[in-house]
file protein11.cif (mmCIF, C-alpha atoms and all ligand atoms)
data_my_file
loop_
_atom_site.label_atom_id
_atom_site.label_comp_id
_atom_site.auth_asym_id
_atom_site.auth_seq_id
_atom_site.Cartn_x
_atom_site.Cartn_y
_atom_site.Cartn_z
CA MET A 669 60.10 97.80 218.08
CA ARG A 670 58.10 97.34 221.25
CA ILE A 671 57.42 100.04 223.88
CA LEU A 672 56.25 99.26 227.40
CA LEU A 673 53.85 101.96 228.63
CA HIS A 674 52.64 102.60 232.15
CA ARG A 675 50.06 105.23 233.03
CA ALA A 676 48.94 105.44 236.66
CA ASP A 677 45.62 106.93 235.53
CA GLY A 678 44.99 103.99 233.20
CA LYS A 679 44.26 106.37 230.30
CA THR A 680 46.50 104.68 227.77
CA GLU A 681 44.40 104.94 224.59
CA PRO A 682 45.33 108.56 223.68
CA TRP A 683 49.01 107.74 224.25
CA ILE A 684 48.76 104.70 221.97
CA LYS A 685 47.10 106.88 219.34
CA ASP A 686 49.84 109.52 219.52
CA PHE A 687 52.59 106.90 219.32
CA GLY A 688 50.76 105.58 216.24
CA LYS A 689 51.14 109.03 214.73
CA PHE A 690 54.73 109.84 215.69
CA LEU A 691 56.30 106.35 215.80
CA PRO A 692 54.04 104.10 213.70
CA GLU A 693 56.59 101.31 213.62
CA ALA A 694 56.26 100.82 217.40
CA GLU A 695 54.00 98.30 219.06
CA ILE A 696 52.74 99.54 222.45
CA GLU A 697 52.53 97.08 225.32
CA ILE A 698 50.56 98.26 228.36
CA TRP A 699 51.96 97.23 231.72
CA HIS A 700 49.41 95.66 234.10
CA ALA A 701 50.24 94.40 237.59
CA GLY A 702 50.43 90.61 237.74
CA GLU A 703 50.40 90.12 233.96
CA LYS A 704 53.42 88.83 232.10
CA CYS A 705 54.49 91.17 229.28
CA GLN A 706 56.64 90.60 226.27
CA THR A 707 60.21 91.87 226.37
CA CYS A 708 60.23 95.50 225.24
CA ASP A 709 62.88 97.76 223.74
CA TYR A 710 61.87 100.93 225.55
CA ALA A 711 59.74 101.94 228.52
CA VAL A 712 57.68 105.11 228.91
CA VAL A 713 56.76 105.84 232.52
CA TRP A 714 56.27 108.64 235.03
CA SER A 715 56.13 107.13 238.52
CA PRO A 716 56.26 103.38 237.94
CA PRO A 717 55.17 100.88 240.61
CA GLU A 718 57.91 98.83 242.23
CA ALA A 719 56.39 95.70 240.67
CA MET A 720 57.38 97.04 237.24
CA LEU A 721 61.11 97.15 237.98
CA GLU A 722 61.82 93.67 236.60
CA GLU A 723 60.55 94.72 233.17
CA LEU A 724 62.22 98.13 233.36
CA ALA A 725 65.57 96.45 234.01
CA GLN A 726 65.40 94.79 230.57
CA VAL A 727 64.81 97.73 228.22
CA LYS A 728 67.34 99.71 226.17
CA ALA A 729 66.24 103.07 227.61
CA ILE A 730 63.60 104.42 229.99
CA PHE A 731 61.73 107.57 229.00
CA VAL A 732 60.13 109.62 231.77
CA THR A 733 57.06 111.67 230.85
CA GLY A 734 58.10 114.62 232.99
CA ALA A 735 61.03 116.96 233.62
CA GLY A 736 61.74 115.66 237.13
CA VAL A 737 62.85 112.06 237.63
CA ASP A 738 62.75 111.76 241.43
CA ALA A 739 59.80 109.33 241.30
CA LEU A 740 61.86 106.91 239.16
CA LEU A 741 65.28 107.50 240.71
CA LYS A 742 64.07 106.25 244.08
CA PHE A 743 64.35 102.83 242.38
CA SER A 744 67.69 103.64 240.74
CA GLY A 745 69.50 100.89 242.63
CA ALA A 746 67.28 98.28 240.97
CA LEU A 747 67.89 99.60 237.45
CA PRO A 748 71.13 98.52 235.77
CA PRO A 749 73.39 101.58 235.35
CA HIS A 750 73.85 101.03 231.60
CA ILE A 751 70.15 101.78 230.93
CA PRO A 752 69.81 105.48 230.14
CA ILE A 753 67.00 107.36 231.86
CA ILE A 754 65.80 110.13 229.56
CA ARG A 755 63.53 112.90 230.82
CA LEU A 756 61.49 115.48 228.91
CA GLY A 757 63.29 118.68 227.99
CA ASP A 758 60.64 121.40 227.92
CA ALA A 759 58.04 119.64 225.68
CA GLY A 760 55.65 122.54 226.27
CA MET A 761 56.32 122.87 230.00
CA ALA A 762 58.58 125.94 229.83
CA THR A 763 55.80 128.21 228.53
CA GLN A 764 53.42 126.97 231.21
CA MET A 765 55.99 127.59 233.96
CA ALA A 766 56.71 131.04 232.59
CA GLU A 767 52.98 131.86 232.64
CA TYR A 768 52.47 130.54 236.17
CA VAL A 769 55.47 132.27 237.73
CA THR A 770 55.04 135.57 235.88
CA HIS A 771 51.40 135.68 236.98
CA SER A 772 52.36 135.02 240.62
CA VAL A 773 55.18 137.60 240.67
CA LEU A 774 52.98 140.30 239.14
CA ARG A 775 50.11 139.42 241.46
CA TYR A 776 52.32 140.09 244.48
CA PHE A 777 54.11 143.09 242.99
CA ARG A 778 50.84 144.84 242.07
CA ARG A 779 49.24 143.59 245.35
CA PHE A 780 46.29 142.02 243.51
CA ASP A 781 46.09 139.35 246.24
CA GLU A 782 45.52 142.05 248.85
CA TYR A 783 43.04 143.92 246.64
CA ASP A 784 41.05 140.67 246.25
CA THR A 785 40.82 140.37 250.04
CA GLN A 786 39.85 144.02 250.37
CA ALA A 787 37.20 143.72 247.67
CA ARG A 788 35.58 140.76 249.44
CA ALA A 789 35.37 142.97 252.54
CA GLY A 790 33.91 145.85 250.52
CA GLN A 791 37.00 148.03 251.06
CA TRP A 792 38.16 150.69 248.59
CA ALA A 793 41.72 151.41 249.75
CA PRO A 794 44.68 152.02 247.43
CA LEU A 795 47.88 150.52 248.89
CA PRO A 796 51.39 151.95 248.49
CA GLN A 797 53.01 150.58 245.33
CA TYR A 798 56.14 148.41 245.70
CA ARG A 799 59.29 149.57 243.89
CA LYS A 800 60.85 147.29 241.31
CA GLU A 801 64.34 147.75 242.75
CA ASP A 802 63.03 146.28 246.05
CA PHE A 803 61.44 143.34 244.27
CA ALA A 804 64.31 141.15 243.11
CA VAL A 805 63.14 137.77 241.82
CA GLY A 806 65.52 134.90 242.57
CA VAL A 807 65.13 131.57 240.80
CA LEU A 808 66.58 128.45 242.43
CA GLY A 809 67.59 126.22 239.50
CA THR A 810 68.41 127.86 236.19
CA GLY A 811 67.93 124.84 233.95
CA VAL A 812 65.46 124.47 231.08
CA LEU A 813 62.46 125.70 233.06
CA GLY A 814 64.20 128.18 235.40
CA THR A 815 65.81 129.92 232.43
CA ALA A 816 62.46 130.14 230.62
CA VAL A 817 60.94 131.76 233.73
CA LEU A 818 63.77 134.31 233.94
CA GLU A 819 63.42 135.13 230.23
CA ALA A 820 59.67 135.66 230.64
CA LEU A 821 60.23 138.01 233.59
CA ALA A 822 62.94 140.05 231.88
CA PRO A 823 60.66 142.59 230.09
CA PHE A 824 59.08 143.67 233.41
CA GLY A 825 62.30 145.13 234.77
CA PHE A 826 62.62 143.32 238.10
CA PRO A 827 66.20 142.67 239.24
CA LEU A 828 66.72 139.00 238.35
CA ARG A 829 68.90 136.46 240.13
CA GLY A 830 69.57 132.80 239.53
CA TRP A 831 71.18 130.01 241.55
CA SER A 832 72.54 126.80 240.06
CA ARG A 833 74.99 124.05 240.88
CA SER A 834 77.57 125.01 238.28
CA GLU A 835 78.71 128.51 237.35
CA LYS A 836 76.42 130.12 234.76
CA SER A 837 76.12 133.31 232.79
CA ILE A 838 72.61 134.40 231.73
CA PRO A 839 72.21 137.83 230.12
CA GLY A 840 70.42 140.26 232.47
CA VAL A 841 70.55 137.83 235.41
CA GLN A 842 72.87 138.01 238.41
CA CYS A 843 74.06 134.43 238.69
CA PHE A 844 75.15 132.59 241.84
CA HIS A 845 76.17 128.98 242.24
CA GLY A 846 76.95 126.29 244.74
CA GLU A 847 76.62 126.29 248.50
CA GLN A 848 78.98 129.26 248.78
CA GLY A 849 76.71 131.38 246.57
CA LEU A 850 73.41 130.53 248.26
CA ASP A 851 73.67 132.90 251.21
CA THR A 852 74.25 136.04 249.11
CA PHE A 853 71.63 134.89 246.60
CA LEU A 854 68.98 134.58 249.33
CA ARG A 855 69.83 137.80 251.14
CA GLY A 856 69.18 139.84 248.00
CA THR A 857 66.05 137.97 246.84
CA ARG A 858 62.55 139.31 247.56
CA VAL A 859 60.57 136.71 245.59
CA LEU A 860 62.03 133.22 245.85
CA VAL A 861 61.02 130.85 243.04
CA CYS A 862 61.93 127.17 243.39
CA MET A 863 62.61 125.40 240.08
CA LEU A 864 65.06 122.78 241.34
CA PRO A 865 65.02 119.04 240.76
CA LEU A 866 64.47 117.05 243.94
CA THR A 867 67.77 115.38 244.90
CA PRO A 868 69.46 114.48 248.20
CA GLU A 869 71.16 117.93 248.09
CA THR A 870 68.04 120.00 247.36
CA GLY A 871 65.46 118.32 249.64
CA ASN A 872 64.38 120.61 252.50
CA LEU A 873 66.46 123.47 251.08
CA ILE A 874 63.63 125.93 251.70
CA ASN A 875 63.83 125.62 255.45
CA ARG A 876 63.58 128.12 258.29
CA THR A 877 67.29 129.01 258.20
CA ASN A 878 67.26 129.77 254.49
CA MET A 879 63.88 131.52 254.48
CA CYS A 880 65.10 133.76 257.33
CA LYS A 881 67.92 134.94 255.05
CA LEU A 882 65.33 136.45 252.68
CA PRO A 883 64.44 140.07 253.49
CA GLN A 884 61.47 140.72 255.80
CA GLY A 885 58.19 140.54 253.83
CA SER A 886 59.45 138.21 251.10
CA PHE A 887 57.39 135.94 248.87
CA LEU A 888 57.78 132.27 248.00
CA ILE A 889 56.68 130.47 244.84
CA ASN A 890 57.30 126.71 244.84
CA VAL A 891 56.70 125.00 241.52
CA ALA A 892 59.29 122.24 241.88
CA ARG A 893 58.60 119.53 244.47
CA GLY A 894 56.88 119.58 247.86
CA ALA A 895 59.89 118.02 249.60
CA HIS A 896 61.99 121.12 248.83
CA LEU A 897 59.98 122.99 251.47
CA ALA A 898 59.91 122.53 255.24
CA GLU A 899 56.13 123.01 255.38
CA PRO A 900 55.56 123.70 259.12
CA GLU A 901 58.45 126.20 259.07
CA LEU A 902 56.74 128.15 256.28
CA VAL A 903 53.50 128.33 258.28
CA ALA A 904 55.40 129.80 261.25
CA LEU A 905 57.17 132.38 259.05
CA ILE A 906 53.91 133.37 257.33
CA LYS A 907 52.28 133.89 260.72
CA SER A 908 55.23 136.02 261.89
CA GLY A 909 55.06 138.10 258.67
CA HIS A 910 58.64 137.34 257.66
CA ILE A 911 57.21 135.64 254.59
CA ALA A 912 54.44 137.90 253.31
CA ALA A 913 52.75 135.27 251.13
CA ALA A 914 53.40 132.04 249.28
CA THR A 915 52.11 130.38 246.14
CA LEU A 916 52.52 126.63 246.26
CA ASP A 917 51.84 124.18 243.45
CA VAL A 918 53.53 121.12 244.98
CA PHE A 919 53.30 119.44 248.38
CA ARG A 920 54.88 116.65 250.39
CA ASN A 921 51.58 114.77 250.27
CA GLU A 922 49.45 115.14 247.16
CA PRO A 923 46.55 115.67 247.05
CA LEU A 924 47.12 118.06 249.96
CA PRO A 925 45.30 116.45 252.93
CA ALA A 926 42.08 118.18 254.04
CA GLN A 927 43.43 118.87 257.53
CA HIS A 928 46.70 120.41 256.32
CA PRO A 929 47.30 123.85 257.93
CA PHE A 930 48.04 125.42 254.51
CA TRP A 931 44.31 125.34 253.69
CA GLN A 932 43.60 127.61 256.67
CA GLU A 933 46.26 130.19 255.81
CA PRO A 934 44.83 132.98 253.63
CA ARG A 935 48.34 134.16 252.67
CA ILE A 936 49.12 130.78 251.09
CA SER A 937 47.75 130.22 247.58
CA ILE A 938 47.36 126.60 246.55
CA THR A 939 47.17 125.00 243.11
CA PRO A 940 46.94 121.22 242.54
CA HIS A 941 50.32 120.51 240.84
CA ILE A 942 49.32 122.16 237.56
CA SER A 943 52.07 124.73 237.04
CA ALA A 944 53.41 122.78 234.04
CA LEU A 945 51.42 119.78 232.92
CA THR A 946 52.81 117.05 230.70
CA LEU A 947 51.40 117.76 227.25
CA ARG A 948 50.81 114.34 225.71
CA ARG A 949 51.25 115.13 222.02
CA GLU A 950 54.42 117.22 222.55
CA SER A 951 55.82 114.56 224.88
CA VAL A 952 55.16 111.63 222.56
CA GLN A 953 56.64 113.57 219.64
CA GLN A 954 59.79 114.31 221.64
CA ILE A 955 60.10 110.72 222.90
CA ALA A 956 59.62 109.39 219.35
CA GLU A 957 62.40 111.66 218.05
CA LYS A 958 64.71 110.55 220.84
CA ILE A 959 63.96 106.86 220.23
CA ARG A 960 64.88 107.33 216.58
CA LYS A 961 68.19 108.86 217.67
CA VAL A 962 68.90 105.97 220.07
CA GLU A 963 68.14 103.52 217.25
CA GLN A 964 70.59 105.34 214.98
CA GLY A 965 73.27 105.42 217.69
CA GLN A 966 73.16 109.24 217.85
CA PRO A 967 73.54 111.24 221.07
CA VAL A 968 70.27 112.09 222.83
CA ALA A 969 69.51 115.18 224.95
CA ASP A 970 68.15 115.12 228.51
CA VAL A 971 69.82 111.91 229.66
CA VAL A 972 69.71 111.94 233.46
CA ASP A 973 72.98 111.83 235.38
CA ARG A 974 72.08 109.33 238.08
CA ASN A 975 74.93 110.47 240.34
CA ARG A 976 73.71 114.09 240.32
CA GLY A 977 70.10 112.94 240.59
CA TYR A 978 68.79 115.04 237.67
P1 LIG A 1001 67.02 121.07 234.65
O1 LIG A 1001 67.74 119.80 234.93
O2 LIG A 1001 67.07 121.61 233.26
O3 LIG A 1001 67.55 122.21 235.63
C1 LIG A 1001 67.83 121.96 236.96
C2 LIG A 1001 68.53 123.18 237.55
O4 LIG A 1001 68.70 122.99 238.95
C3 LIG A 1001 69.93 123.40 236.96
O5 LIG A 1001 70.17 124.77 236.80
C4 LIG A 1001 70.85 122.83 238.05
O6 LIG A 1001 72.14 123.40 238.11
C5 LIG A 1001 70.07 123.21 239.30
N1 LIG A 1001 70.47 122.37 240.43
C6 LIG A 1001 70.34 121.04 240.58
N2 LIG A 1001 70.88 120.63 241.75
C7 LIG A 1001 71.36 121.75 242.33
C8 LIG A 1001 72.06 121.99 243.54
N3 LIG A 1001 72.36 120.99 244.40
N4 LIG A 1001 72.42 123.26 243.83
C9 LIG A 1001 72.15 124.28 242.98
N5 LIG A 1001 71.48 124.12 241.81
C10 LIG A 1001 71.10 122.85 241.50
O7 LIG A 1001 65.51 120.83 235.09
P2 LIG A 1001 64.18 121.55 234.56
O8 LIG A 1001 64.41 123.00 234.56
O9 LIG A 1001 63.72 120.90 233.30
O10 LIG A 1001 63.14 121.12 235.71
C11 LIG A 1001 63.36 121.51 237.05
C12 LIG A 1001 62.39 120.83 237.99
O11 LIG A 1001 61.10 121.41 237.88
C13 LIG A 1001 62.13 119.35 237.75
O12 LIG A 1001 63.17 118.55 238.24
C14 LIG A 1001 60.84 119.13 238.49
O13 LIG A 1001 61.09 118.78 239.84
C15 LIG A 1001 60.17 120.51 238.47
N6 LIG A 1001 58.93 120.48 237.67
C16 LIG A 1001 57.74 120.72 238.28
C17 LIG A 1001 56.56 120.71 237.56
C18 LIG A 1001 55.25 121.04 238.18
O14 LIG A 1001 54.21 120.91 237.53
N7 LIG A 1001 55.20 121.49 239.41
C19 LIG A 1001 56.56 120.40 236.12
C20 LIG A 1001 57.88 120.23 235.56
C21 LIG A 1001 59.01 120.25 236.33
P3 LIG A 1001 73.17 123.23 236.87
O15 LIG A 1001 72.63 124.15 235.78
O16 LIG A 1001 74.45 123.70 237.41
O17 LIG A 1001 73.13 121.79 236.47
#

call {"tool": "encode", "arguments": {"input": "protein11.cif", "output": "structure tokens", "more": "lines below"}}
Ligand code: NDP
result
Amino acid sequence: MRILLHRADGKTEPWIKDFGKFLPEAEIEIWHAGEKCQTCDYAVVWSPPEAMLEELAQVKAIFVTGAGVDALLKFSGALPPHIPIIRLGDAGMATQMAEYVTHSVLRYFRRFDEYDTQARAGQWAPLPQYRKEDFAVGVLGTGVLGTAVLEALAPFGFPLRGWSRSEKSIPGVQCFHGEQGLDTFLRGTRVLVCMLPLTPETGNLINRTNMCKLPQGSFLINVARGAHLAEPELVALIKSGHIAAATLDVFRNEPLPAQHPFWQEPRISITPHISALTLRRESVQQIAEKIRKVEQGQPVADVVDRNRGY
């Protein structure tokens, strides 16, 4: 069995080592621009270059080393529809997301961000405490990661809300779905967490119109994709105070350009796309298990529905 591997960072050795551990029967072929490679059975990629499409179109299945597949699906038209695209399901990302979002929600609820600012200015000034019933957390996208985030938040007692495409029932969570459910979901959400895949339907969803439906003084946490957010519209709403603060892990252009207005906005917290990193060992182990299933003709989880875009 031969696996075609592409890593944009060029750090392929540790991946080869882990494949040696979890799928010793596989030979790993590294993709290099301009070099002819042998025909492979499977491909393992994240955001492959366009020049790789010819090879990708020949494999039995393409494994994506992430939960989101937007970077590959932009080439979907060039990939024969019979080739399954298989993403990671959790693989250690759910815990990381739960940590990141829980931290951010508690930081705003307990006003630690404001106390940090006060401390730098040498101010000792207790602020009024928010009430949990006024601090509903609403998660856009209640899939693998969104559900893990909601479960992690449950013990703290915030009212929890979720929004998905299809109708869902999650214990302890008020669930909304579809376009018709979005308006009510937003109007009752104080902390909006974006955990959606990026698709033609979800791009730009966090725009001025939708952010204005959140109550005055709401908070935004975007850990999905930069293109979900209308960035200049957030800056305007932060300046007006309608959005009290935002924590952003993802951006339309990454790394975030030095002149981007977000850097100048103290009420916007920035992290460099680290909310849930791909854990190599967990990912290779999961991919190896899935390859074994494909080889045995068994059904495999996390196959992307190309029509839905996730
Ligand atoms: P899932 O596919 O498990 O869940 C996606 C959720 O989004 C589902 O609940 C789905 O609804 C919902 N959804 C999709 N389209 C719509 C729509 N048009 N309207 C309403 N709801 C919709 O994905 P994961 O939870 O595994 O991952 C989510 C995203 O998180 C990834 O696609 C990726 O973009 C992002 N991510 C970001 C990382 C980072 O480091 N910043 C790391 C990992 C992931 P339904 O349940 O009805 O299908």

call {"tool": "residues_around", "arguments": {"input": "protein11.cif", "residues": "A:Leu916", "least_positions_apart": "4", "cutoff": "10 Å", "atoms": "all atoms listed in the file", "output": "PyMOL selection string"}}
result
chain A and resi 862+888-894+897+930+936-941+943

call {"tool": "closest_residue", "arguments": {"input": "protein11.cif", "among": "A:Ala759, A:Val727, A:Val903, A:Ala926", "to": "A:Ile955", "atoms": "only C-alpha atoms"}}
result
A:Ala759

call {"tool": "closest_atom_pairs", "arguments": {"input": "protein11.cif", "of": "chain A", "to": "ligand LIG 1001 (chain A)", "cutoff": "6 Å", "atoms": "all atoms listed in the file", "output": "tab-separated table"}}
result
residue	atom	partner	partner_atom	distance
A:Ala735	CA	A:LIG1001	C21	4.7
A:Gly736	CA	A:LIG1001	O12	3.4
A:Gly757	CA	A:LIG1001	O9	5.8
A:Gly809	CA	A:LIG1001	O4	3.5
A:Thr810	CA	A:LIG1001	O5	3.6
A:Gly811	CA	A:LIG1001	O3	3.1
A:Val812	CA	A:LIG1001	O8	3.9
A:Leu813	CA	A:LIG1001	O8	3.7
A:Gly814	CA	A:LIG1001	O8	5.3
A:Trp831	CA	A:LIG1001	N5	5.9
A:Ser832	CA	A:LIG1001	N5	3.4
A:Arg833	CA	A:LIG1001	O16	3.5
A:Ser834	CA	A:LIG1001	O16	3.5
A:Gly846	CA	A:LIG1001	C9	5.5
A:Met863	CA	A:LIG1001	O11	4.8
A:Leu864	CA	A:LIG1001	O4	4.4
A:Pro865	CA	A:LIG1001	O12	3.2
A:Leu866	CA	A:LIG1001	O13	5.6
A:Glu869	CA	A:LIG1001	N3	4.9
A:Thr870	CA	A:LIG1001	N3	5.3
A:Val891	CA	A:LIG1001	N7	4.4
A:Ala892	CA	A:LIG1001	C15	3.9
A:Arg893	CA	A:LIG1001	O13	5.3
A:Asp917	CA	A:LIG1001	N7	5.9
A:Val918	CA	A:LIG1001	N7	5.8
A:His941	CA	A:LIG1001	O14	5.1
A:Ile942	CA	A:LIG1001	O14	5.0
A:Ser943	CA	A:LIG1001	O14	4.4
A:Ala944	CA	A:LIG1001	O14	4.0
A:Leu945	CA	A:LIG1001	O14	5.5
A:Tyr978	CA	A:LIG1001	O1	5.6

call {"tool": "residues_around", "arguments": {"input": "protein11.cif", "residues": "A:Lys742", "least_positions_apart": "6", "cutoff": "10 Å", "atoms": "all atoms listed in the file", "output": "VMD selection string"}}
result
chain A and resid 715 718 867 977

call {"tool": "residues_near_point", "arguments": {"input": "protein11.cif", "point": "(44.7, 139.6, 244.3)", "cutoff": "12 Å", "atoms": "all atoms listed in the file", "output": "PyMOL selection string"}}
result
chain A and resi 771-788+913+915+934-937

call {"tool": "write_last_selection", "arguments": {"input": "protein11.cif", "atoms": "C-alpha atoms", "output": "JSON list (two decimals), in the frame of the given file"}}
result
[["chain", "number", "residue", "atom", "x", "y", "z"],
["A", 771, "HIS", "CA", 51.40, 135.68, 236.98],
["A", 772, "SER", "CA", 52.36, 135.02, 240.62],
["A", 773, "VAL", "CA", 55.18, 137.60, 240.67],
["A", 774, "LEU", "CA", 52.98, 140.30, 239.14],
["A", 775, "ARG", "CA", 50.11, 139.42, 241.46],
["A", 776, "TYR", "CA", 52.32, 140.09, 244.48],
["A", 777, "PHE", "CA", 54.11, 143.09, 242.99],
["A", 778, "ARG", "CA", 50.84, 144.84, 242.07],
["A", 779, "ARG", "CA", 49.24, 143.59, 245.35],
["A", 780, "PHE", "CA", 46.29, 142.02, 243.51],
["A", 781, "ASP", "CA", 46.09, 139.35, 246.24],
["A", 782, "GLU", "CA", 45.52, 142.05, 248.85],
["A", 783, "TYR", "CA", 43.04, 143.92, 246.64],
["A", 784, "ASP", "CA", 41.05, 140.67, 246.25],
["A", 785, "THR", "CA", 40.82, 140.37, 250.04],
["A", 786, "GLN", "CA", 39.85, 144.02, 250.37],
["A", 787, "ALA", "CA", 37.20, 143.72, 247.67],
["A", 788, "ARG", "CA", 35.58, 140.76, 249.44],
["A", 913, "ALA", "CA", 52.75, 135.27, 251.13],
["A", 915, "THR", "CA", 52.11, 130.38, 246.14],
["A", 934, "PRO", "CA", 44.83, 132.98, 253.63],
["A", 935, "ARG", "CA", 48.34, 134.16, 252.67],
["A", 936, "ILE", "CA", 49.12, 130.78, 251.09],
["A", 937, "SER", "CA", 47.75, 130.22, 247.58]]

call {"tool": "atom_distance", "arguments": {"input": "protein11.cif", "atom1": "atom CA of A:Glu767", "atom2": "atom CA of A:Gly678"}}
result
29.0 Å

call {"tool": "atom_distance", "arguments": {"input": "protein11.cif", "atom1": "atom CA of A:Ile751", "atom2": "atom CA of A:Ile730"}}
result
7.1 Å

call {"tool": "closest_residue", "arguments": {"input": "protein11.cif", "among": "A:Ala789, A:His674, A:Thr852, A:Lys958", "to": "A:Val971", "atoms": "all atoms listed in the file"}}
result
A:Lys958

call {"tool": "residues_around", "arguments": {"input": "protein11.cif", "residues": "stretch 696-712 of chain A", "least_positions_apart": "5", "cutoff": "12 Å", "atoms": "all atoms listed in the file", "output": "compact mmCIF listing (two decimals) with C-alpha atoms, in the coordinates of the input"}}
result
# COMPACT_ATOMS: atom_id res chain seq x y z
CA MET A 669 60.10 97.80 218.08
CA ARG A 670 58.10 97.34 221.25
CA ILE A 671 57.42 100.04 223.88
CA LEU A 672 56.25 99.26 227.40
CA LEU A 673 53.85 101.96 228.63
CA HIS A 674 52.64 102.60 232.15
CA ARG A 675 50.06 105.23 233.03
CA ALA A 676 48.94 105.44 236.66
CA ASP A 677 45.62 106.93 235.53
CA GLY A 678 44.99 103.99 233.20
CA LYS A 679 44.26 106.37 230.30
CA THR A 680 46.50 104.68 227.77
CA GLU A 681 44.40 104.94 224.59
CA PRO A 682 45.33 108.56 223.68
CA TRP A 683 49.01 107.74 224.25
CA ILE A 684 48.76 104.70 221.97
CA LYS A 685 47.10 106.88 219.34
CA ASP A 686 49.84 109.52 219.52
CA PHE A 687 52.59 106.90 219.32
CA GLY A 688 50.76 105.58 216.24
CA LEU A 691 56.30 106.35 215.80
CA PRO A 717 55.17 100.88 240.61
CA GLU A 718 57.91 98.83 242.23
CA ALA A 719 56.39 95.70 240.67
CA MET A 720 57.38 97.04 237.24
CA LEU A 721 61.11 97.15 237.98
CA GLU A 722 61.82 93.67 236.60
CA GLU A 723 60.55 94.72 233.17
CA LEU A 724 62.22 98.13 233.36
CA ALA A 725 65.57 96.45 234.01
CA GLN A 726 65.40 94.79 230.57
CA VAL A 727 64.81 97.73 228.22
CA LYS A 728 67.34 99.71 226.17
CA ALA A 729 66.24 103.07 227.61
CA ILE A 730 63.60 104.42 229.99
CA PHE A 731 61.73 107.57 229.00
CA VAL A 732 60.13 109.62 231.77
CA THR A 733 57.06 111.67 230.85
CA GLY A 734 58.10 114.62 232.99
CA LEU A 740 61.86 106.91 239.16
CA ILE A 751 70.15 101.78 230.93
CA PRO A 752 69.81 105.48 230.14
CA ILE A 753 67.00 107.36 231.86
CA ILE A 754 65.80 110.13 229.56
CA ARG A 755 63.53 112.90 230.82
CA LEU A 756 61.49 115.48 228.91
CA ARG A 948 50.81 114.34 225.71
CA SER A 951 55.82 114.56 224.88
CA VAL A 952 55.16 111.63 222.56
CA GLN A 954 59.79 114.31 221.64
CA ILE A 955 60.10 110.72 222.90
CA ALA A 956 59.62 109.39 219.35
CA LYS A 958 64.71 110.55 220.84
CA ILE A 959 63.96 106.86 220.23
CA ARG A 960 64.88 107.33 216.58
CA VAL A 962 68.90 105.97 220.07
CA GLU A 963 68.14 103.52 217.25

call {"tool": "residues_near_point", "arguments": {"input": "protein11.cif", "point": "(54.4, 116.3, 253.2)", "cutoff": "8 Å", "atoms": "only C-alpha atoms", "output": "list of chain:residue names"}}
result
A:Gly894, A:Ala895, A:Glu899, A:Phe919, A:Arg920, A:Asn921, A:Glu922

call {"tool": "residues_around", "arguments": {"input": "protein11.cif", "residues": "stretch 885-887 of chain A", "least_positions_apart": "4", "cutoff": "8 Å", "atoms": "all atoms listed in the file", "output": "list in words"}}
result
Tyr776, Thr857, Arg858, Val859, Leu860, Gly909, His910, Ile911, Ala912, Ala913 and Ala914 of chain A

call {"tool": "atom_distance", "arguments": {"input": "protein11.cif", "atom1": "atom CA of A:Arg976", "atom2": "atom CA of A:Gln964"}}
result
27.0 Å

call {"tool": "closest_residue", "arguments": {"input": "protein11.cif", "among": "A:Pro883, A:Gly871, A:Gly840, A:Gly806", "to": "A:Ala898", "atoms": "all atoms listed in the file"}}
result
A:Gly871

call {"tool": "build_atoms", "arguments": {"input": "protein11.cif", "residues": "stretch 795-804 of chain A", "atoms": "N, CA and C atoms", "output": "short mmCIF file (atom, residue, chain, number, x, y, z; two decimals), in the coordinates of the input"}}
result
data_model
loop_
_atom_site.label_atom_id
_atom_site.label_comp_id
_atom_site.auth_asym_id
_atom_site.auth_seq_id
_atom_site.Cartn_x
_atom_site.Cartn_y
_atom_site.Cartn_z
N LEU A 795 46.72 150.85 248.05
CA LEU A 795 47.88 150.52 248.89
C LEU A 795 49.12 151.15 248.27
N PRO A 796 50.16 151.42 249.08
CA PRO A 796 51.39 151.95 248.49
C PRO A 796 51.96 150.95 247.48
N GLN A 797 52.48 151.46 246.38
CA GLN A 797 53.01 150.58 245.33
C GLN A 797 54.44 150.15 245.71
N TYR A 798 54.76 148.86 245.49
CA TYR A 798 56.14 148.41 245.70
C TYR A 798 57.02 149.00 244.61
N ARG A 799 58.33 149.08 244.89
CA ARG A 799 59.29 149.57 243.89
C ARG A 799 60.01 148.38 243.28
N LYS A 800 60.21 148.43 242.00
CA LYS A 800 60.85 147.29 241.31
C LYS A 800 62.22 146.97 241.91
N GLU A 801 62.98 148.02 242.25
CA GLU A 801 64.34 147.75 242.75
C GLU A 801 64.32 146.99 244.09
N ASP A 802 63.16 147.03 244.79
CA ASP A 802 63.03 146.28 246.05
C ASP A 802 62.39 144.92 245.81
N PHE A 803 62.22 144.54 244.57
CA PHE A 803 61.44 143.34 244.27
C PHE A 803 62.24 142.37 243.41
N ALA A 804 63.45 142.06 243.88
CA ALA A 804 64.31 141.15 243.11
C ALA A 804 63.70 139.75 243.11
#
